[in-house]
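Shown next: my_file_17.cif, containing mmCIF, C-alpha atoms.
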data_run
loop_
_atom_site.label_atom_id
_atom_site.label_comp_id
_atom_site.auth_asym_id
_atom_site.auth_seq_id
_atom_site.Cartn_x
_atom_site.Cartn_y
_atom_site.Cartn_z
CA MET D 1 118.62 90.45 82.16
CA LYS D 2 116.51 90.08 85.30
CA ILE D 3 115.87 86.79 87.04
CA HIS D 4 113.06 85.66 89.32
CA ILE D 5 113.69 82.90 91.85
CA ASP D 6 110.77 81.10 93.48
CA ILE D 7 111.05 78.31 96.06
CA ASP D 8 108.96 75.31 94.98
CA CYS D 9 106.22 74.47 97.53
CA PHE D 10 108.30 76.32 100.12
CA PHE D 11 106.57 75.29 103.36
CA VAL D 12 106.46 71.64 102.26
CA SER D 13 110.08 71.77 101.07
CA ALA D 14 111.09 73.18 104.48
CA ALA D 15 109.24 70.37 106.28
CA ARG D 16 111.06 67.82 104.12
CA ILE D 17 114.42 69.19 105.23
CA GLN D 18 113.52 68.34 108.83
CA GLU D 19 111.69 65.12 107.92
CA PRO D 20 113.29 63.53 104.82
CA GLU D 21 110.76 60.69 104.98
CA LEU D 22 108.15 63.15 103.60
CA GLU D 23 109.95 63.19 100.24
CA HIS D 24 107.81 61.99 97.30
CA LYS D 25 104.69 61.83 99.49
CA ALA D 26 101.44 63.79 99.35
CA VAL D 27 102.07 66.49 101.97
CA ALA D 28 100.28 69.73 102.80
CA ILE D 29 100.85 72.49 105.33
CA GLY D 30 97.78 73.55 107.26
CA GLY D 31 97.00 77.04 108.43
CA ARG D 32 94.52 78.53 110.81
CA SER D 33 93.89 81.98 112.20
CA ASP D 34 95.60 82.02 115.59
CA THR D 35 92.57 82.55 117.85
CA LYS D 36 94.63 81.19 120.76
CA ILE D 37 95.93 84.74 120.99
CA PHE D 38 92.65 85.50 122.80
CA ASN D 39 93.10 82.84 125.49
CA LYS D 40 93.73 84.30 128.92
CA ASP D 41 96.76 82.03 129.33
CA ALA D 42 98.14 82.78 125.84
CA LYS D 43 101.91 82.79 125.53
CA ASN D 44 104.80 82.18 123.13
CA GLN D 45 103.54 84.76 120.65
CA THR D 46 106.26 86.24 118.45
CA VAL D 47 106.51 88.92 115.77
CA ASN D 48 107.96 88.85 112.27
CA PHE D 49 109.19 91.89 110.33
CA LEU D 50 111.56 90.14 107.91
CA ASN D 51 109.15 88.78 105.33
CA SER D 52 105.65 89.15 104.02
CA GLY D 53 103.37 87.50 101.52
CA SER D 54 100.53 85.01 101.39
CA PHE D 55 100.07 83.05 104.62
CA VAL D 56 103.01 84.84 106.27
CA PRO D 57 101.61 86.52 109.42
CA THR D 58 103.27 89.38 111.27
CA PHE D 59 102.28 87.75 114.57
CA TYR D 60 102.39 84.02 115.10
CA LYS D 61 102.71 81.44 117.86
CA ALA D 62 106.05 79.72 118.19
CA TYR D 63 106.09 76.22 116.69
CA GLU D 64 105.49 73.36 119.09
CA LYS D 65 106.41 69.90 117.77
CA LYS D 66 103.64 67.33 118.22
CA ASP D 67 103.46 63.65 117.43
CA ASP D 68 100.24 64.23 115.46
CA ASP D 69 100.22 67.53 113.56
CA ILE D 70 96.56 67.15 112.59
CA ALA D 71 95.77 67.64 116.29
CA SER D 72 96.75 71.29 115.84
CA PHE D 73 93.67 71.77 113.71
CA ARG D 74 91.10 69.99 115.89
CA ASP D 75 88.64 71.99 117.94
CA GLU D 76 87.52 71.06 121.43
CA ASP D 77 84.58 69.25 119.82
CA GLY D 78 86.98 67.20 117.66
CA LYS D 79 86.17 68.90 114.35
CA ILE D 80 89.04 69.63 111.97
CA ARG D 81 89.28 73.34 111.09
CA GLY D 82 91.66 75.35 108.93
CA ILE D 83 92.85 75.68 105.34
CA LEU D 84 95.89 74.61 103.35
CA THR D 85 98.65 77.14 102.82
CA THR D 86 100.56 74.98 100.34
CA SER D 87 100.82 71.38 99.15
CA SER D 88 103.33 69.15 97.40
CA TYR D 89 103.04 68.34 93.70
CA GLU D 90 102.17 64.77 94.70
CA ALA D 91 99.17 66.15 96.62
CA ARG D 92 98.14 68.45 93.79
CA SER D 93 97.71 65.47 91.50
CA PHE D 94 94.65 64.60 93.62
CA GLY D 95 93.10 68.02 92.95
CA ILE D 96 94.30 69.59 96.19
CA LYS D 97 94.73 73.37 96.00
CA THR D 98 95.96 76.22 98.18
CA ALA D 99 93.26 77.73 100.45
CA MET D 100 91.19 74.52 100.30
CA THR D 101 89.86 73.45 103.70
CA ILE D 102 91.72 70.63 105.40
CA ARG D 103 88.52 68.59 105.58
CA GLU D 104 87.97 68.89 101.80
CA ALA D 105 91.60 67.95 101.13
CA LEU D 106 91.37 64.81 103.26
CA GLN D 107 88.23 63.77 101.40
CA LEU D 108 90.12 64.02 98.08
CA CYS D 109 93.26 62.37 99.43
CA PRO D 110 92.69 60.35 102.65
CA HIS D 111 96.40 59.52 102.95
CA LEU D 112 97.41 63.21 102.74
CA ILE D 113 99.96 64.11 105.43
CA ILE D 114 99.04 67.40 107.13
CA LYS D 115 101.84 69.28 108.87
CA ALA D 116 101.51 72.27 111.18
CA PRO D 117 103.22 75.51 110.03
CA ASN D 118 106.66 76.33 111.43
CA MET D 119 107.17 80.03 110.75
CA SER D 120 110.50 80.20 112.59
CA LEU D 121 111.94 77.56 110.26
CA TYR D 122 110.58 79.34 107.18
CA GLN D 123 112.12 82.63 108.28
CA LYS D 124 115.48 80.94 108.93
CA LEU D 125 115.61 79.22 105.53
CA SER D 126 114.42 82.32 103.68
CA HIS D 127 117.17 84.36 105.33
CA GLU D 128 119.81 81.74 104.45
CA LEU D 129 118.72 81.73 100.81
CA HIS D 130 118.79 85.53 100.67
CA GLU D 131 122.31 85.59 102.08
CA PHE D 132 123.40 82.91 99.60
CA LEU D 133 121.95 84.79 96.61
CA CYS D 134 123.67 88.00 97.71
CA SER D 135 126.98 86.14 97.53
CA LYS D 136 126.25 85.12 93.93
CA ILE D 137 124.46 88.14 92.43
CA PRO D 138 125.30 91.85 92.90
CA LEU D 139 121.68 93.07 93.24
CA VAL D 140 119.09 90.92 95.01
CA GLU D 141 115.58 91.94 96.02
CA GLN D 142 113.48 89.87 98.38
CA ALA D 143 109.88 90.19 97.21
CA SER D 144 108.37 87.80 99.77
CA ILE D 145 109.38 84.95 102.03
CA ASP D 146 109.81 82.62 99.03
CA GLU D 147 110.42 85.00 96.09
CA PHE D 148 113.53 86.88 95.00
CA TYR D 149 114.59 89.03 92.04
CA GLY D 150 118.11 89.50 90.76
CA ASP D 151 119.76 91.75 88.18
CA LEU D 152 122.43 90.06 86.05
CA SER D 153 123.10 93.09 83.83
CA GLY D 154 126.85 93.60 83.45
CA TRP D 155 127.47 90.53 85.59
CA VAL D 156 126.58 87.62 83.33
CA GLU D 157 126.56 87.80 79.55
CA ASP D 158 123.18 87.05 77.97
CA GLU D 159 124.45 83.95 76.18
CA ASP D 160 125.76 82.57 79.50
CA ILE D 161 122.52 83.08 81.48
CA PRO D 162 120.95 79.64 80.76
CA ALA D 163 124.01 77.86 82.14
CA PHE D 164 124.31 80.32 85.06
CA ILE D 165 120.75 79.92 86.36
CA ASP D 166 120.82 76.15 85.83
CA SER D 167 123.98 75.93 87.91
CA LEU D 168 122.49 78.31 90.48
CA ARG D 169 119.36 76.23 91.13
CA HIS D 170 121.42 73.05 91.59
CA GLU D 171 123.79 74.83 93.97
CA ILE D 172 120.88 76.17 96.02
CA LEU D 173 119.50 72.64 96.31
CA ARG D 174 122.90 71.31 97.40
CA VAL D 175 123.70 74.09 99.90
CA ILE D 176 120.32 75.22 101.27
CA LYS D 177 118.44 71.96 100.52
CA LEU D 178 115.61 73.90 98.85
CA PRO D 179 114.31 73.25 95.30
CA VAL D 180 113.82 76.48 93.34
CA SER D 181 112.64 77.45 89.88
CA ILE D 182 114.23 80.37 88.03
CA GLY D 183 112.96 82.53 85.19
CA ALA D 184 115.12 84.99 83.24
CA ALA D 185 113.91 87.76 80.92
CA PRO D 186 114.63 91.38 79.94
CA THR D 187 112.18 92.62 82.62
CA ARG D 188 111.24 91.43 86.08
CA TYR D 189 107.57 91.06 85.06
CA ILE D 190 108.32 88.62 82.26
CA ALA D 191 110.94 86.84 84.41
CA LYS D 192 108.25 86.14 87.04
CA LEU D 193 105.98 84.81 84.29
CA ALA D 194 108.80 82.58 83.04
CA THR D 195 109.28 81.08 86.50
CA THR D 196 105.64 79.97 86.53
CA TYR D 197 106.28 77.87 83.44
CA ALA D 198 109.64 76.58 84.71
CA LYS D 199 108.15 74.81 87.76
CA PRO D 200 108.90 72.49 89.34
CA PHE D 201 112.66 72.75 89.79
CA GLY D 202 113.28 74.16 86.34
CA CYS D 203 114.67 77.13 84.41
CA ARG D 204 113.18 79.24 81.62
CA VAL D 205 114.97 81.98 79.68
CA ILE D 206 112.94 84.44 77.61
CA ASP D 207 114.74 86.69 75.12
CA LYS D 208 113.85 88.68 72.02
CA TYR D 209 113.94 85.54 69.88
CA ASN D 210 111.31 83.56 71.78
CA PHE D 211 109.43 86.44 73.46
CA ASP D 212 106.37 86.36 71.16
CA ALA D 213 106.09 82.57 71.12
CA PHE D 214 106.21 82.44 74.92
CA VAL D 215 104.05 85.43 75.90
CA ASN D 216 101.25 85.47 73.30
CA PRO D 217 99.42 82.18 74.14
CA ILE D 218 99.31 82.78 77.92
CA ALA D 219 95.86 83.41 79.45
CA VAL D 220 95.43 86.93 80.83
CA GLY D 221 94.78 85.66 84.37
CA LYS D 222 98.30 84.21 84.57
CA PHE D 223 99.97 87.64 84.50
CA ALA D 224 100.76 89.21 87.88
CA GLY D 225 98.76 92.42 88.16
CA ILE D 226 95.63 91.19 86.41
CA GLY D 227 93.05 90.56 89.12
CA LYS D 228 89.48 89.33 88.90
CA SER D 229 87.95 92.67 87.90
CA MET D 230 90.52 93.38 85.18
CA LYS D 231 90.25 89.79 83.93
CA HIS D 232 86.47 90.17 83.65
CA LYS D 233 86.86 93.49 81.85
CA LEU D 234 89.34 91.97 79.37
CA HIS D 235 87.09 88.99 78.70
CA SER D 236 84.16 91.35 78.11
CA ALA D 237 86.25 92.98 75.38
CA GLN D 238 87.06 89.55 73.89
CA ILE D 239 90.64 89.70 75.16
CA HIS D 240 91.63 86.29 76.50
CA THR D 241 95.40 85.97 76.02
CA LEU D 242 98.42 88.21 76.51
CA GLY D 243 98.78 88.14 72.72
CA ASP D 244 95.27 89.62 72.45
CA ILE D 245 96.31 92.41 74.80
CA ARG D 246 99.38 93.17 72.69
CA LYS D 247 97.15 93.50 69.61
CA ARG D 248 94.73 95.87 71.37
CA ARG D 249 96.99 98.68 72.53
CA GLY D 250 94.37 101.34 71.81
CA THR D 251 91.75 99.55 73.89
CA LEU D 252 94.04 99.21 76.89
CA GLU D 253 95.21 102.82 76.72
CA SER D 254 91.61 104.05 76.60
CA TRP D 255 90.97 102.37 79.97
CA GLY D 256 93.29 104.71 81.88
CA PRO D 257 96.83 104.87 83.31
CA TYR D 258 96.81 101.45 85.03
CA ALA D 259 95.71 99.57 81.92
CA LYS D 260 98.18 101.56 79.83
CA ASP D 261 101.02 100.59 82.18
CA LEU D 262 99.79 96.99 82.18
CA TYR D 263 100.07 96.87 78.39
CA ARG D 264 103.63 98.16 78.52
CA ARG D 265 104.63 95.60 81.18
CA ILE D 266 103.21 92.72 79.13
CA ASN D 267 104.93 94.04 76.02
CA GLY D 268 108.28 94.22 77.86
CA GLU D 269 108.51 97.99 77.36
CA VAL D 270 108.86 98.98 81.02
CA ASP D 271 110.63 97.57 84.02
CA ALA D 272 111.19 98.37 87.68
CA PRO D 273 114.61 98.53 89.33
CA ILE D 274 115.79 95.90 91.78
CA LYS D 275 115.38 97.27 95.31
CA THR D 276 117.74 95.70 97.80
CA THR D 277 115.82 97.14 100.78
CA HIS D 278 112.16 97.84 101.41
CA LYS D 279 110.70 100.35 103.83
CA ARG D 280 107.67 99.05 105.66
CA LYS D 281 104.80 101.49 105.10
CA SER D 282 102.19 99.92 107.35
CA ILE D 283 101.71 97.30 110.04
CA GLY D 284 98.55 95.46 110.95
CA ILE D 285 97.00 92.53 112.77
CA SER D 286 93.93 90.49 111.84
CA ARG D 287 92.13 87.49 113.29
CA THR D 288 89.31 85.38 111.88
CA MET D 289 87.15 83.61 114.45
CA ASP D 290 84.04 81.52 114.79
CA PRO D 291 80.94 83.79 114.58
CA LEU D 292 80.77 85.73 117.84
CA TYR D 293 77.96 88.01 119.05
CA ASP D 294 79.11 88.87 122.60
CA ARG D 295 80.24 92.53 122.31
CA VAL D 296 81.93 92.46 125.73
CA GLU D 297 84.12 89.57 124.58
CA LEU D 298 84.74 91.25 121.23
CA LYS D 299 85.93 94.43 122.97
CA ARG D 300 88.26 92.30 125.10
CA ARG D 301 89.68 90.90 121.87
CA VAL D 302 90.16 94.42 120.50
CA HIS D 303 92.28 95.20 123.58
CA ILE D 304 94.41 92.10 122.91
CA LEU D 305 94.91 92.93 119.23
CA ALA D 306 95.79 96.53 120.15
CA ARG D 307 98.40 95.35 122.67
CA HIS D 308 100.10 93.12 120.11
CA LEU D 309 100.05 95.76 117.40
CA SER D 310 101.36 98.39 119.82
CA TYR D 311 104.30 96.10 120.57
CA ALA D 312 105.09 95.85 116.85
CA VAL D 313 104.79 99.61 116.26
CA LEU D 314 107.17 100.35 119.13
CA LYS D 315 109.58 97.64 117.94
CA LEU D 316 109.64 99.29 114.50
CA ASN D 317 110.33 102.63 116.21
CA VAL D 318 107.81 104.53 114.07
CA ILE D 319 104.95 106.94 114.75
CA PRO D 320 101.84 106.09 112.70
CA THR D 321 99.34 108.85 111.91
CA VAL D 322 96.55 106.90 110.18
CA PHE D 323 94.63 104.17 112.01
CA HIS D 324 92.12 101.71 110.55
CA LEU D 325 89.81 99.16 112.18
CA GLY D 326 87.82 96.73 110.05
CA ILE D 327 84.99 94.37 110.98
CA ARG D 328 83.71 91.44 108.94
CA TYR D 329 80.32 90.08 109.93
CA GLU D 330 78.47 86.91 109.03
CA MET D 331 76.25 87.15 105.93
CA ASN D 332 79.16 88.80 104.06
CA GLN D 333 78.66 92.21 105.69
CA LYS D 334 81.60 94.55 106.32
CA SER D 335 82.29 97.82 108.12
CA HIS D 336 85.35 99.91 108.92
CA LYS D 337 86.47 103.18 110.47
CA ASN D 338 89.57 105.30 109.85
CA ILE D 339 91.08 108.18 111.77
CA SER D 340 94.12 110.45 111.30
CA LEU D 341 95.97 111.50 114.43
CA ALA D 342 99.37 113.22 114.45
CA GLU D 343 100.45 112.71 118.06
CA LEU D 344 103.06 110.79 120.02
CA PHE D 345 102.33 107.06 120.01
CA THR D 346 101.67 105.49 123.41
CA GLU D 347 100.13 102.11 124.16
CA LYS D 348 97.38 103.48 126.44
CA LYS D 349 96.23 106.05 123.89
CA PHE D 350 96.33 103.48 121.09
CA ASP D 351 94.29 101.02 123.15
CA SER D 352 91.60 103.64 123.79
CA LEU D 353 91.65 104.69 120.14
CA CYS D 354 91.11 101.12 118.93
CA LEU D 355 88.15 100.66 121.26
CA LYS D 356 86.66 103.94 120.01
CA LEU D 357 87.12 102.85 116.39
CA PHE D 358 85.46 99.52 117.14
CA ASN D 359 82.43 101.18 118.75
CA GLU D 360 82.05 103.47 115.72
CA ALA D 361 82.66 100.76 113.14
CA ASP D 362 80.27 98.24 114.72
CA THR D 363 77.20 99.32 112.74
CA GLN D 364 75.61 95.86 112.42
CA LYS D 365 75.03 95.12 116.09
CA ARG D 366 72.52 92.36 115.41
CA LEU D 367 75.07 90.33 113.46
CA LYS D 368 77.85 88.08 114.70
CA ILE D 369 81.43 89.08 113.91
CA ILE D 370 83.86 86.70 112.18
CA ASN D 371 86.94 88.92 111.69
CA LEU D 372 88.62 91.89 113.37
CA SER D 373 91.55 93.80 111.84
CA ILE D 374 93.56 96.82 112.94
CA ASN D 375 96.10 98.65 110.76
CA CYS D 376 98.53 101.54 111.34
CA SER D 377 100.08 103.47 108.45
CA SER D 378 101.39 106.82 107.18
CA PHE D 379 104.42 106.87 109.46
CA THR D 380 105.81 110.33 110.20
CA ARG D 381 109.14 109.44 108.53
CA ASP D 382 107.22 109.06 105.22
CA SER D 383 104.26 111.46 105.54
CA LYS D 384 106.30 114.31 107.07
CA LYS D 385 103.32 115.25 109.24
CA GLU D 386 104.05 117.49 112.22
CA LEU D 387 103.09 116.12 115.62
CA SER D 388 100.59 118.08 117.69
CA LEU D 389 102.08 119.90 120.71
CA ILE D 390 98.79 119.92 122.66
CA GLY D 391 99.33 117.96 125.87
CA PHE D 392 102.85 117.13 124.71
CA HIS D 393 104.31 117.24 128.25
CA GLU D 394 101.79 114.71 129.61
CA GLU D 395 102.27 112.54 126.54
CA GLN D 396 106.01 112.42 127.22
CA LYS D 397 105.32 110.94 130.68
CA MET D 398 103.06 108.28 129.21
CA LYS D 399 105.62 107.56 126.50
CA LYS D 400 108.25 106.78 129.16
CA LEU D 401 105.86 104.29 130.79
CA THR D 402 105.21 102.71 127.39
CA GLU D 403 108.95 102.38 126.78
CA GLN D 404 109.46 100.64 130.14
CA THR D 405 106.61 98.26 129.36
CA GLN D 406 108.19 97.54 125.98
CA ILE D 407 111.53 96.66 127.60
CA LEU D 408 109.85 94.08 129.82
CA ARG D 409 107.98 92.54 126.88
CA GLU D 410 111.15 92.42 124.78
CA ARG D 411 112.81 90.47 127.57
CA TYR D 412 110.01 88.21 128.77
CA GLY D 413 107.48 88.07 125.93
CA ILE D 414 104.52 89.99 124.51
CA ASP D 415 102.13 88.38 127.02
CA THR D 416 104.19 89.32 130.10
CA LEU D 417 102.09 92.43 130.79
CA LYS D 418 98.41 92.64 129.89
CA TRP D 419 95.63 95.17 130.33
CA GLY D 420 93.12 94.41 133.10
CA SER D 421 90.40 94.69 130.45
CA GLU D 422 91.84 91.58 128.75
CA MET D 423 91.22 89.34 131.74
#

Rewrite the coordinates I just gave you, this time as structure tokens.
Amino acid sequence: MKIHIDIDCFFVSAARIQEPELEHKAVAIGGRSDTKIFNKDAKNQTVNFLNSGSFVPTFYKAYEKKDDDIASFRDEDGKIRGILTTSSYEARSFGIKTAMTIREALQLCPHLIIKAPNMSLYQKLSHELHEFLCSKIPLVEQASIDEFYGDLSGWVEDEDIPAFIDSLRHEILRVIKLPVSIGAAPTRYIAKLATTYAKPFGCRVIDKYNFDAFVNPIAVGKFAGIGKSMKHKLHSAQIHTLGDIRKRRGTLESWGPYAKDLYRRINGEVDAPIKTTHKRKSIGISRTMDPLYDRVELKRRVHILARHLSYAVLKLNVIPTVFHLGIRYEMNQKSHKNISLAELFTEKKFDSLCLKLFNEADTQKRLKIINLSINCSSFTRDSKKELSLIGFHEEQKMKKLTEQTQILRERYGIDTLKWGSEM
């Protein structure tokens, strides 16, 4: 049997560990794109490689405790900006949802307590829980900062699993101080589904005896892997529940390999192994900002994003060969540019490349820009591409300079050395 462990309202639960007085109150964690990265006096930026998932940035500003957390989300003009990354169950009873704006949430629940995110604390607690689970279960996979999978096959007998996971969740609460919900099933996909219906702080075991009764009534949109487009396609075919899908095998298989695999996952016919380690396949940075037209300022921001991403690439000790820059404009317009380049990675070359990609991707010059993103992927360790030898000797010199710069930033911070074009 596989189990899925999910921390209940993780960011709120973490805040309650530090501030027990938040228990049983309507609490939400705010989030906002860190545009302070673009300030000329920006500092205290840090990088995260340990975890990923919704609202878990690779780059973030170190937490600074304030008397009034809501102040973190006020602009210079006093307006409250930002969205909610998570909320307590007490807050949800007022209709508050993830990704709702803070202003909307406060209108629904004026006494809602808004806390600023503390990524360092979340990373610490997530790591502690991972270490704890590894001491209890032979195979543990961390799927995100607040999600884990475990394989109990040959470790716990099926008839003992209900008692095992019930004991496990209470022990986690006692030792780590985090409430978790746990689902158990023959496959990881159904175990994740079971966890959804075990919340909050509950357990749910699905076996061959209750499989049909549990799975069949569930709406198609509740199953991980069914997005908006697939949900719309299923509804168009009068398929509304997972039970409907299981009755329409021929229909699903006629839609291609993905739909065929989806049917088999829902039916419990296929599973994926527990992976104790994950290789990062890409690294990126993205910032959403107030609509901005000034191209000179936007290019300055490209330099800043490139510097931060270069730091991460060098820290990972990889050589990317595919580079992507995306632009999101006002009026829901988008543009992007990709390039493949199999050469030694140096910060100067990467900076110039990002500026070139921006100039080529910026096709809507009359529109203001609201988001910039840069991504590096297809690392040489995975793609097995051969690096170009053209100008290799000169590149080696520049690589040494990049390495020296990296040493200084590792010691004194990402913002220790900046490009003149950022000032």

Report task. Report as a ChimeraX atom specification the residues that result from applying the PyMOL selection byres ((chain D and resi 149) around 6) to the structure here. Result -> /D:3-4,140-141,148,150

Explicit residues for the PyMOL selection byres ((chain D and resi 114-119) around 7) (as a PDB file with C-alpha atoms, keeping the file's coordinate frame):
ATOM      1  CA  VAL D  27     102.070  66.490 101.970  1.00  0.00           C
ATOM      2  CA  ALA D  28     100.280  69.730 102.800  1.00  0.00           C
ATOM      3  CA  ILE D  29     100.850  72.490 105.330  1.00  0.00           C
ATOM      4  CA  GLY D  30      97.780  73.550 107.260  1.00  0.00           C
ATOM      5  CA  GLY D  31      97.000  77.040 108.430  1.00  0.00           C
ATOM      6  CA  TYR D  63     106.090  76.220 116.690  1.00  0.00           C
ATOM      7  CA  ASP D  69     100.220  67.530 113.560  1.00  0.00           C
ATOM      8  CA  ILE D  70      96.560  67.150 112.590  1.00  0.00           C
ATOM      9  CA  SER D  72      96.750  71.290 115.840  1.00  0.00           C
ATOM     10  CA  LEU D 112      97.410  63.210 102.740  1.00  0.00           C
ATOM     11  CA  ILE D 113      99.960  64.110 105.430  1.00  0.00           C
ATOM     12  CA  SER D 120     110.500  80.200 112.590  1.00  0.00           C
ATOM     13  CA  LEU D 121     111.940  77.560 110.260  1.00  0.00           C
ATOM     14  CA  TYR D 122     110.580  79.340 107.180  1.00  0.00           C
ATOM     15  CA  GLN D 123     112.120  82.630 108.280  1.00  0.00           C
TER      16      GLN D 123
END

Report task. Could you expand the PyMOL selection byres ((chain D and resi 278-286) around 6) into the explicit residues it covers here, written as a VMD selection string? Result -> chain D and resid 277 287 372 to 377

Query - For atom CA of Lys136 of chain D and atom CA of Ala14 of chain D, the interatomic separation in Å (one decimal) - result: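 Separating atom CA of Lys136 of chain D from atom CA of Ala14 of chain D is a distance of 22.0 Å.
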
Query raised in the report: Looking at all atoms listed in the file, which of D:Leu341, D:Ile176, D:Ala306, D:Ile407 is the one that sits closest to Phe323 of chain D?
Result: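 Checking each of D:Leu341, D:Ile176, D:Ala306, D:Ile407 against Phe323 of chain D, counting all atoms listed in the file, the winner is D:Leu341.
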
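Note that the spacing between atom CA of Glu131 of chain D and atom CA of Leu314 of chain D amounts to 27.2 Å.
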
Report task. Could you check how far atom CA of Leu316 of chain D sits from atom CA of Ile37 of chain D, in Å to one decimal? Result -> 21.0 Å

Report task. Rank nothing, just name the residue among D:Asp6, D:Glu403, D:Asp158, D:Asp77 nearest to Val205 of chain D, using all atoms listed in the file. Result ->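 Counting all atoms listed in the file, the residue closest to Val205 of chain D is D:Asp158.
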
Query raised in the report: Can you find the residues with an atom no farther than 12 Å from (90.7, 102.9, 125.2), counting all atoms listed in the file, and report them as a list of chain:residue names?
Result: D:Lys299, D:Arg300, D:Val302, D:His303, D:Ile304, D:Ala306, D:Arg307, D:Thr346, D:Glu347, D:Lys348, D:Lys349, D:Phe350, D:Asp351, D:Ser352, D:Leu353, D:Cys354, D:Leu355, D:Lys356, D:Leu357, D:Phe358, D:Asn359, D:Trp419, D:Gly420, D:Ser421, D:Glu422

Query raised in the report: Which is closest to Val180 of chain D among D:Arg411, D:Lys418, D:His111, D:Lys199, if we use all atoms listed in the file?
Result: D:Lys199

Requested in this report: Write out as a list of chain:residue names the residues lying within 12 Å of Leu125 of chain D, counting only C-alpha atoms and excluding same-chain residues fewer than 6 positions away.
Outcome: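 My list of contacting residues is D:Ile7, D:Phe10, D:Phe11, D:Ser13, D:Ala14, D:Ala15, D:Ile17, D:Gln18, D:Leu50, D:Asn51, D:Asn118, D:Met119, D:Glu131, D:Phe132, D:Ile145, D:Asp146, D:Ile172, D:Leu173, D:Val175, D:Ile176, D:Lys177, D:Leu178, D:Pro179.
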
Report task. May I have the residues at most 9 Å from (90.4, 86.5, 81.9) in the file's coordinates, counting all atoms listed in the file, as JSON, numbers by chain? Result -> {"D": [219, 220, 221, 222, 226, 227, 228, 229, 230, 231, 232, 233, 234, 235, 236, 239, 240, 241]}

Could you turn the residues from that selection into a file that holds C-alpha atoms, as a PDB file, keeping the file's coordinate frame?
ATOM      1  CA  ALA D 219      95.860  83.410  79.450  1.00  0.00           C
ATOM      2  CA  VAL D 220      95.430  86.930  80.830  1.00  0.00           C
ATOM      3  CA  GLY D 221      94.780  85.660  84.370  1.00  0.00           C
ATOM      4  CA  LYS D 222      98.300  84.210  84.570  1.00  0.00           C
ATOM      5  CA  ILE D 226      95.630  91.190  86.410  1.00  0.00           C
ATOM      6  CA  GLY D 227      93.050  90.560  89.120  1.00  0.00           C
ATOM      7  CA  LYS D 228      89.480  89.330  88.900  1.00  0.00           C
ATOM      8  CA  SER D 229      87.950  92.670  87.900  1.00  0.00           C
ATOM      9  CA  MET D 230      90.520  93.380  85.180  1.00  0.00           C
ATOM     10  CA  LYS D 231      90.250  89.790  83.930  1.00  0.00           C
ATOM     11  CA  HIS D 232      86.470  90.170  83.650  1.00  0.00           C
ATOM     12  CA  LYS D 233      86.860  93.490  81.850  1.00  0.00           C
ATOM     13  CA  LEU D 234      89.340  91.970  79.370  1.00  0.00           C
ATOM     14  CA  HIS D 235      87.090  88.990  78.700  1.00  0.00           C
ATOM     15  CA  SER D 236      84.160  91.350  78.110  1.00  0.00           C
ATOM     16  CA  ILE D 239      90.640  89.700  75.160  1.00  0.00           C
ATOM     17  CA  HIS D 240      91.630  86.290  76.500  1.00  0.00           C
ATOM     18  CA  THR D 241      95.400  85.970  76.020  1.00  0.00           C
TER      19      THR D 241
END

**Report entry** Polymer residues at most 12 Å from Ile182 of chain D, all atoms listed in the file, same-chain spacing of 4 or more positions, as a PyMOL selection string
**Finding:** chain D and resi 2-8+147-150+161-170+172+188+190-206

Requested in this report: Using all atoms listed in the file, find the one residue out of D:Thr380, D:Ser310, D:Ile83, D:Arg295 that sits nearest to Leu367 of chain D.
Outcome: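 For Leu367 of chain D, the nearest of the candidates is D:Arg295.
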
Query raised in the report: If you count only C-alpha atoms, which residues fall within 12 Å of Lys334 of chain D, apart from same-chain ones fewer than 2 positions away, as a list in words?
Result: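 So, after excluding close chain neighbours, the residues are Leu325, Gly326, Ile327, Arg328, Tyr329, Glu330, Met331, Asn332, His336, Lys337, Ala361, Asp362, Thr363, Gln364, Lys365, Leu367, Lys368, Ile369, Ile370, Asn371, Leu372 and Ser373 of chain D.
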
Query raised in the report: Counting all atoms listed in the file, which of D:Asn39, D:Asn216, D:Ser87, D:Thr98 gets nearest to Arg16 of chain D?
Result: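 Under the stated criterion, the closest residue is D:Ser87.
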
Report summary line: In terms of only C-alpha atoms, the residue from D:Glu19, D:Glu159, D:Asp290, D:Glu171 at minimal distance from Asp75 of chain D is D:Asp290
